[in-house]
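The structure appears right after this line, and notes come after that.
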Amino acid sequence: MFGLEPHVLLLLIACLVAACAFEFVNGFHDTANAVATVIYTNSLRPWVAVVWSAFWNFVGVIAGGIGVAMGIVYLLPVESLVDQNVYHGIAMVGALIVAAIIWNVGTWYYGLPSSSSHALIGSILGVGIAFSLLPGSGASAVNWGKAGETGLALLVSPLFGFSLTIILMFLLRRFVQNKTIFKEPHKRKPPPIWIRMILIATCTLVSYFHGSNDGQKGVGLIMLILIGIVPVHFALNSKLNPLDMRESLTRVEQVMGKLNAAELSEADRKLLSEVRTQTTNLDQIFAGKTDVKQLPEQARFEIRKSILLLYNRAKKLTASEKLPLSSADRKVYEDSIANMRTFTDYAPWQVSLMVALSLGIGTMIGWQRIVKTIGERIGKEHLTYAQGASSELVAAAMIGASTGFGLPSSTTHVLSSAIAGSMVANRGIKNLNPQMVRNIALAWVLTLPVTMVLSGGLFLLFRTIMPS
């Protein structure tokens, strides 16, 4: 299969199974974020709740697109994504998957609502930094621009979740006349039907948006595996004809032709030279081809490599305000590059289905530990109907917004912060359980550095013991 030697094919299968295991762990690790309130308030029976949540997680993955997935892929430096050595690809994806799973399982075991998103992103950054330490790599450690966007999203969303929940709780107290919603749930009786419907709706929203955001991370992870180990077969979207990008390539060359290298700074001159090198490579590949069947398989990898390097250099080049290009030329250039990236930024439906099934099945298992933490241990009082509904509504909105912008979001941290906000809104800061808040904060702070060190060390180990 894929022209791989038997032992390499086994390693590919092992990596795909490990990626599915990560999403499975992600499912049971994050289930409590969606089902805690409906279970804790007796709005739904536990198994009904987790099956319902699993279904909407599944739908979220299928319908969520690939914006977040590609954000995960491009956290790594371009150079590591265009290395055709399959053993290097196995070392890369194996290290980051194992590191993320170790951290997720460990925090789940101790009942801590730690972030699967942080674990995966920390593992990717660790691999990127370790890659830069290799002799002769000469590459940037990570795509720091994308890492900055991701880090900001992960930092800001919990702060917004905390603040917005306090505001929402204030509005509920001000305008809702029926005070039943502010009472502690009865241990055996379900809430009034209108409260029950609200809680089920917020559970559904959190489940759907969790799937659309966290599920995309799994899609990105599997695409890293396929691109790293079998790049020739998954280098380009097989549903598109690579020859169709020639029009966009021509527009890029026309815009670049308007630049005089002698008038540019040394840094911009170098970038322009690299851009022209990649466009020339693509011209040579396409020369004389009238049918996609005339392109050899190896050419598909070379096309992907040129597009990624072209995009990387072009982004840096157009960021320069001193570049003598009109707004219209810049737009033509950026639109043309974006069109060319449609050939590289994709995920087969089979990948989405694998992730959706893994996340959905994982969602139905292992929810008990963290449900108790969310329902009883973040604050000094038991969660009320209003606190549960407002926390999940804010969490769903924040995760949905992150997905819309193609940015990863931590469902765990957003919801935990929102519940903390609801506790503060009730009786002030003293209403928080300081020990549990410290434990959650410690897990939050340690996730990135621990997974970075772990994945980086594993990557260097795997590169050492695998063939060059």
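Residues in the structure tokens are named by chain (A, B, ... in the order shown) and by number from 1 within that chain; ligands are numbered from 1 in the order shown.
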
DSSP-assigned alpha helix (DSSP H) members of segment 212-328 of chain A, reported as a count of residues only: 78

Would you write out, as a Markdown table, a table of all residues in segment 33-126 of chain A that have an atom no more than 7 Å from an atom of segment 177-192 of chain A, listing for each the closest atom pair and the distance in Å to one decimal, considering only C-alpha atoms and ordering rows by chain and rising residue number?
```
| residue | atom | partner | partner_atom | distance |
| --- | --- | --- | --- | --- |
| A:Thr41 | CA | A:Pro185 | CA | 5.2 |
| A:Asn42 | CA | A:Pro190 | CA | 4.7 |
| A:Ser43 | CA | A:Pro190 | CA | 5.4 |
```

Selection near Ala99 of chain A, 10 Å with only C-alpha atoms, sequence-local residues under 6 positions removed, as an MDAnalysis selection string: chainID A and resid 119:120 122:124 126 450:459

Once you have the residues from the selection above, write them out as a short mmCIF file (atom, residue, chain, number, x, y, z; two decimals), in the first residue's frame, restricted to N, CA, C and O atoms.
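Dumped everything to out.cif:
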```
data_model
loop_
_atom_site.label_atom_id
_atom_site.label_comp_id
_atom_site.auth_asym_id
_atom_site.auth_seq_id
_atom_site.Cartn_x
_atom_site.Cartn_y
_atom_site.Cartn_z
N ALA A 119 -1.99 20.46 25.20
CA ALA A 119 -1.09 19.31 25.14
C ALA A 119 -0.61 19.06 23.72
O ALA A 119 0.58 18.85 23.47
N LEU A 120 -1.54 19.11 22.75
CA LEU A 120 -1.17 18.87 21.36
C LEU A 120 -0.28 19.99 20.83
O LEU A 120 0.75 19.75 20.18
N GLY A 122 1.57 22.14 22.55
CA GLY A 122 2.87 22.09 23.21
C GLY A 122 3.75 21.01 22.60
O GLY A 122 4.95 21.22 22.39
N SER A 123 3.15 19.86 22.27
CA SER A 123 3.92 18.78 21.65
C SER A 123 4.44 19.17 20.28
O SER A 123 5.58 18.87 19.92
N ILE A 124 3.60 19.86 19.51
CA ILE A 124 4.03 20.30 18.18
C ILE A 124 5.16 21.32 18.28
O ILE A 124 6.15 21.26 17.55
N GLY A 126 7.27 21.59 20.71
CA GLY A 126 8.47 20.89 21.17
C GLY A 126 9.20 20.20 20.03
O GLY A 126 10.43 20.25 19.94
N VAL A 450 5.85 21.11 29.81
CA VAL A 450 6.07 19.67 29.99
C VAL A 450 5.94 18.94 28.66
O VAL A 450 6.78 18.11 28.30
N THR A 451 4.89 19.24 27.90
CA THR A 451 4.69 18.54 26.62
C THR A 451 5.75 18.95 25.61
O THR A 451 6.16 18.12 24.78
N MET A 452 6.22 20.19 25.66
CA MET A 452 7.29 20.62 24.75
C MET A 452 8.57 19.85 25.02
O MET A 452 9.22 19.34 24.10
N VAL A 453 8.94 19.74 26.29
CA VAL A 453 10.17 19.02 26.65
C VAL A 453 10.02 17.53 26.32
O VAL A 453 10.93 16.91 25.75
N LEU A 454 8.86 16.97 26.64
CA LEU A 454 8.64 15.55 26.41
C LEU A 454 8.66 15.21 24.92
O LEU A 454 9.36 14.29 24.49
N SER A 455 7.93 15.98 24.12
CA SER A 455 7.88 15.68 22.68
C SER A 455 9.21 15.97 22.00
O SER A 455 9.64 15.23 21.12
N GLY A 456 9.88 17.05 22.42
CA GLY A 456 11.18 17.38 21.85
C GLY A 456 12.21 16.29 22.13
O GLY A 456 12.97 15.88 21.25
N GLY A 457 12.21 15.80 23.38
CA GLY A 457 13.13 14.73 23.73
C GLY A 457 12.84 13.44 22.98
O GLY A 457 13.76 12.77 22.49
N LEU A 458 11.56 13.11 22.85
CA LEU A 458 11.18 11.91 22.11
C LEU A 458 11.55 12.03 20.63
O LEU A 458 12.02 11.06 20.01
N PHE A 459 11.37 13.23 20.06
CA PHE A 459 11.71 13.45 18.65
C PHE A 459 13.19 13.22 18.41
O PHE A 459 13.58 12.52 17.46
#
```

From A:Ser409, A:Ser116, A:Gln216, A:Thr403, residue lying nearest Ala356 of chain A [only C-alpha atoms]: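 The shortest atom-to-atom distance to Ala356 of chain A comes from A:Gln216.
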
Å distance separating atom CA of Asn237 of chain A from atom CA of Tyr346 of chain A, one decimal place: 6.3 Å

Considering only C-alpha atoms, give me a table of residues in segment 206-233 of chain A that are at most 9 Å from segment 18-37 of chain A, with the closest atom pair and distance in Å for each, as a tab-separated table.
```
residue	atom	partner	partner_atom	distance
A:Val206	CA	A:Ala34	CA	5.5
A:Ser207	CA	A:Ala34	CA	5.6
A:His210	CA	A:Ala34	CA	8.4
A:Asp214	CA	A:Asn26	CA	8.0
A:Gly215	CA	A:Glu23	CA	7.4
A:Lys217	CA	A:Glu23	CA	8.7
A:Gly218	CA	A:Glu23	CA	6.1
A:Leu221	CA	A:Ala19	CA	6.8
A:Ile222	CA	A:Ala19	CA	6.4
A:Ile225	CA	A:Ala19	CA	8.6
```

Okay, now the selection with N, CA and C atoms, as a short mmCIF file (atom, residue, chain, number, x, y, z; two decimals), in the first residue's frame?
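As a result, selection39.cif now contains:
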```
data_model
loop_
_atom_site.label_atom_id
_atom_site.label_comp_id
_atom_site.auth_asym_id
_atom_site.auth_seq_id
_atom_site.Cartn_x
_atom_site.Cartn_y
_atom_site.Cartn_z
N VAL A 206 -22.18 23.16 23.22
CA VAL A 206 -20.79 22.92 23.62
C VAL A 206 -20.26 21.66 22.93
N SER A 207 -21.10 20.62 22.85
CA SER A 207 -20.67 19.37 22.19
C SER A 207 -20.36 19.62 20.72
N HIS A 210 -17.27 21.82 20.40
CA HIS A 210 -16.09 21.06 20.80
C HIS A 210 -15.64 20.17 19.65
N ASP A 214 -11.98 20.96 18.54
CA ASP A 214 -11.03 19.93 18.96
C ASP A 214 -10.93 18.81 17.93
N GLY A 215 -12.04 18.52 17.25
CA GLY A 215 -11.99 17.49 16.22
C GLY A 215 -11.07 17.88 15.08
N LYS A 217 -8.41 19.51 15.34
CA LYS A 217 -7.02 19.28 15.75
C LYS A 217 -6.60 17.85 15.42
N GLY A 218 -7.54 16.91 15.59
CA GLY A 218 -7.25 15.54 15.21
C GLY A 218 -7.08 15.38 13.72
N LEU A 221 -3.73 16.58 12.92
CA LEU A 221 -2.73 15.61 13.38
C LEU A 221 -2.57 14.48 12.36
N ILE A 222 -3.69 13.95 11.88
CA ILE A 222 -3.61 12.86 10.91
C ILE A 222 -3.02 13.35 9.59
N ILE A 225 0.59 13.25 9.83
CA ILE A 225 1.09 11.88 9.67
C ILE A 225 1.17 11.51 8.19
#
```

Selected residue, from A:Tyr333, A:Ile419, A:Ile102, A:Cys203, that lies nearest to Val51 of chain A when counting only C-alpha atoms: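 Among A:Tyr333, A:Ile419, A:Ile102, A:Cys203, it is A:Cys203 that comes nearest to Val51 of chain A.
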
Closest of A:Leu272, A:Leu11, A:Ala287, A:Val50 to Asn312 of chain A - atom-to-atom distances counting only C-alpha atoms: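 Of the candidates, the smallest distance to Asn312 of chain A is held by A:Leu272.
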
Give me, as CSV, the closest atom pair and its distance (Å, one decimal) for every residue of segment 251-368 of chain A within a cut-off of 10 Å of segment 241-246 of chain A, counting only C-alpha atoms, rows sorted by chain and rising number.
```
residue,atom,partner,partner_atom,distance
A:Arg251,CA,A:Arg246,CA,8.7
A:Val252,CA,A:Arg246,CA,9.8
A:Leu282,CA,A:Arg246,CA,8.6
A:Asp283,CA,A:Arg246,CA,8.2
A:Ile285,CA,A:Leu243,CA,9.8
A:Phe286,CA,A:Leu243,CA,7.0
A:Lys289,CA,A:Leu243,CA,7.9
A:Thr290,CA,A:Leu243,CA,7.8
A:Asp291,CA,A:Leu243,CA,7.7
A:Val292,CA,A:Asn241,CA,6.4
A:Lys293,CA,A:Asn241,CA,9.8
A:Leu295,CA,A:Pro242,CA,8.9
A:Arg300,CA,A:Pro242,CA,8.1
A:Ile303,CA,A:Pro242,CA,8.3
A:Arg304,CA,A:Pro242,CA,9.8
A:Ser336,CA,A:Met245,CA,8.8
A:Ile337,CA,A:Met245,CA,9.6
A:Asn339,CA,A:Met245,CA,7.5
A:Met340,CA,A:Met245,CA,5.9
A:Arg341,CA,A:Met245,CA,9.4
A:Thr342,CA,A:Met245,CA,9.4
A:Phe343,CA,A:Pro242,CA,7.2
```

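Of the residues under consideration (A:Val86, A:Leu199, A:Ala386, A:Ile429), A:Val86 shows the shortest atom-to-atom contact distance to Leu226 of chain A when counting only C-alpha atoms.
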
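With atom CA of Ser238 of chain A on one side and atom CA of Ala14 of chain A on the other, the separation reads 24.1 Å.
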
Nearest to Lys305 of chain A, chosen from A:Phe131, A:Thr279, A:Ser327, A:Ala319, with only C-alpha atoms counted in the distances: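 The closest residue to Lys305 of chain A is A:Thr279.
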
Closest of A:Thr344, A:Ser265, A:Thr447, A:Thr107 to Lys239 of chain A - atom-to-atom distances counting only C-alpha atoms: A:Thr344
